[in-house]
Amino acid sequence: MDEEMQALNENQTWVLVLLPSDEKFAGCKSVFTVKHNPDVSVSCFKARLVAKGYMQCYGINYEETFSLVAKMNSVYQFDVKKDFLIGDIKEEIYMQ
């Protein structure tokens with residue numbers, strides 16, 4: 001989790017602010033997974049901080065939705081340690 005938080009801070013993912021009285025926040029939670037090698041031994045532990053986006057309301061907290069689509073015709077596989085999608089959003093999103 002320390003690595004995840006460090007990566008989020010280094011990429012300036014958020015700014016700490018006080019919640020305005022007329023705004024609502026989305027909660028968050030940590031998701032932990034264990035990756036295994038083919039021989040079932042532990043490869044690594046992963047942690048992700050995720051927002052509870054299901055608490056948002058269309059037209060109030062967001063206007064559009066996006067979904068990543070993978071094209072599965074590649075024969076190569078690799079593990080990305082940290083990835084950040086860079087996109088501009090118009091809305092202010094508050095997460096607690």
# chains A, B, ... in the order shown; residues from 1 in each chain; ligands from 1
$ residues_around --residues "Lys29 in chain A" --least-positions-apart "3" --cutoff "7 Å" --atoms "only C-alpha atoms" --output "PyMOL selection string"
chain A and resi 49-51
$ write_last_selection --atoms "C-alpha atoms" --output "PDB file, in the first residue's frame"
ATOM      1  CA  LEU A  49      -6.896   2.554  -3.922  1.00  0.00           C
ATOM      2  CA  VAL A  50     -10.239   2.760  -5.738  1.00  0.00           C
ATOM      3  CA  ALA A  51     -13.113   5.219  -5.579  1.00  0.00           C
TER       4      ALA A  51
END
$ residues_around --residues "range 17-21 of chain A" --least-positions-apart "2" --cutoff "12 Å" --atoms "only C-alpha atoms" --output "list of chain:residue names"
A:Trp14, A:Val15, A:Glu23, A:Lys24, A:Phe25, A:Ala26, A:Glu92, A:Ile93, A:Tyr94, A:Met95, A:Gln96
$ write_last_selection --atoms "N, CA and C atoms" --output "PDB file, in the first residue's frame"
ATOM      1  N   TRP A  14      -4.169  13.805  -6.767  1.00  0.00           N
ATOM      2  CA  TRP A  14      -5.189  14.554  -6.055  1.00  0.00           C
ATOM      3  C   TRP A  14      -4.603  15.735  -5.308  1.00  0.00           C
ATOM      4  N   VAL A  15      -5.496  16.543  -4.787  1.00  0.00           N
ATOM      5  CA  VAL A  15      -5.143  17.667  -3.927  1.00  0.00           C
ATOM      6  C   VAL A  15      -6.022  17.546  -2.689  1.00  0.00           C
ATOM      7  N   GLU A  23     -21.308  20.075  -1.522  1.00  0.00           N
ATOM      8  CA  GLU A  23     -20.821  18.954  -2.347  1.00  0.00           C
ATOM      9  C   GLU A  23     -20.941  17.642  -1.585  1.00  0.00           C
ATOM     10  N   LYS A  24     -20.979  16.539  -2.351  1.00  0.00           N
ATOM     11  CA  LYS A  24     -20.965  15.205  -1.764  1.00  0.00           C
ATOM     12  C   LYS A  24     -19.663  14.533  -2.176  1.00  0.00           C
ATOM     13  N   PHE A  25     -19.280  13.517  -1.441  1.00  0.00           N
ATOM     14  CA  PHE A  25     -18.038  12.826  -1.759  1.00  0.00           C
ATOM     15  C   PHE A  25     -18.317  11.373  -2.126  1.00  0.00           C
ATOM     16  N   ALA A  26     -17.395  10.806  -2.865  1.00  0.00           N
ATOM     17  CA  ALA A  26     -17.403   9.366  -3.133  1.00  0.00           C
ATOM     18  C   ALA A  26     -16.442   8.739  -2.141  1.00  0.00           C
ATOM     19  N   GLU A  92     -15.386  18.532 -10.678  1.00  0.00           N
ATOM     20  CA  GLU A  92     -14.574  18.323  -9.495  1.00  0.00           C
ATOM     21  C   GLU A  92     -15.109  17.080  -8.795  1.00  0.00           C
ATOM     22  N   ILE A  93     -14.223  16.188  -8.429  1.00  0.00           N
ATOM     23  CA  ILE A  93     -14.621  14.950  -7.778  1.00  0.00           C
ATOM     24  C   ILE A  93     -13.995  14.935  -6.401  1.00  0.00           C
ATOM     25  N   TYR A  94     -14.815  14.701  -5.401  1.00  0.00           N
ATOM     26  CA  TYR A  94     -14.350  14.652  -4.022  1.00  0.00           C
ATOM     27  C   TYR A  94     -14.406  13.216  -3.543  1.00  0.00           C
ATOM     28  N   MET A  95     -13.308  12.755  -2.966  1.00  0.00           N
ATOM     29  CA  MET A  95     -13.220  11.390  -2.469  1.00  0.00           C
ATOM     30  C   MET A  95     -12.747  11.432  -1.023  1.00  0.00           C
ATOM     31  N   GLN A  96     -13.383  10.632  -0.185  1.00  0.00           N
ATOM     32  CA  GLN A  96     -12.976  10.578   1.219  1.00  0.00           C
ATOM     33  C   GLN A  96     -12.336   9.252   1.503  1.00  0.00           C
TER      34      GLN A  96
END
$ closest_residue --among "A:Gly27, A:Met1, A:Asn9, A:Asp22" --to "Lys46 in chain A" --atoms "only C-alpha atoms"
A:Met1
$ atom_distance --atom1 "CA of Ser30 in chain A" --atom2 "CA of Lys90 in chain A"
25.6 Å
$ closest_residue --among "A:Val40, A:Phe45, A:Cys28, A:Val34" --to "Asp2 in chain A" --atoms "only C-alpha atoms"
A:Phe45
$ atom_distance --atom1 "CA of Glu3 in chain A" --atom2 "CA of Arg48 in chain A"
9.6 Å
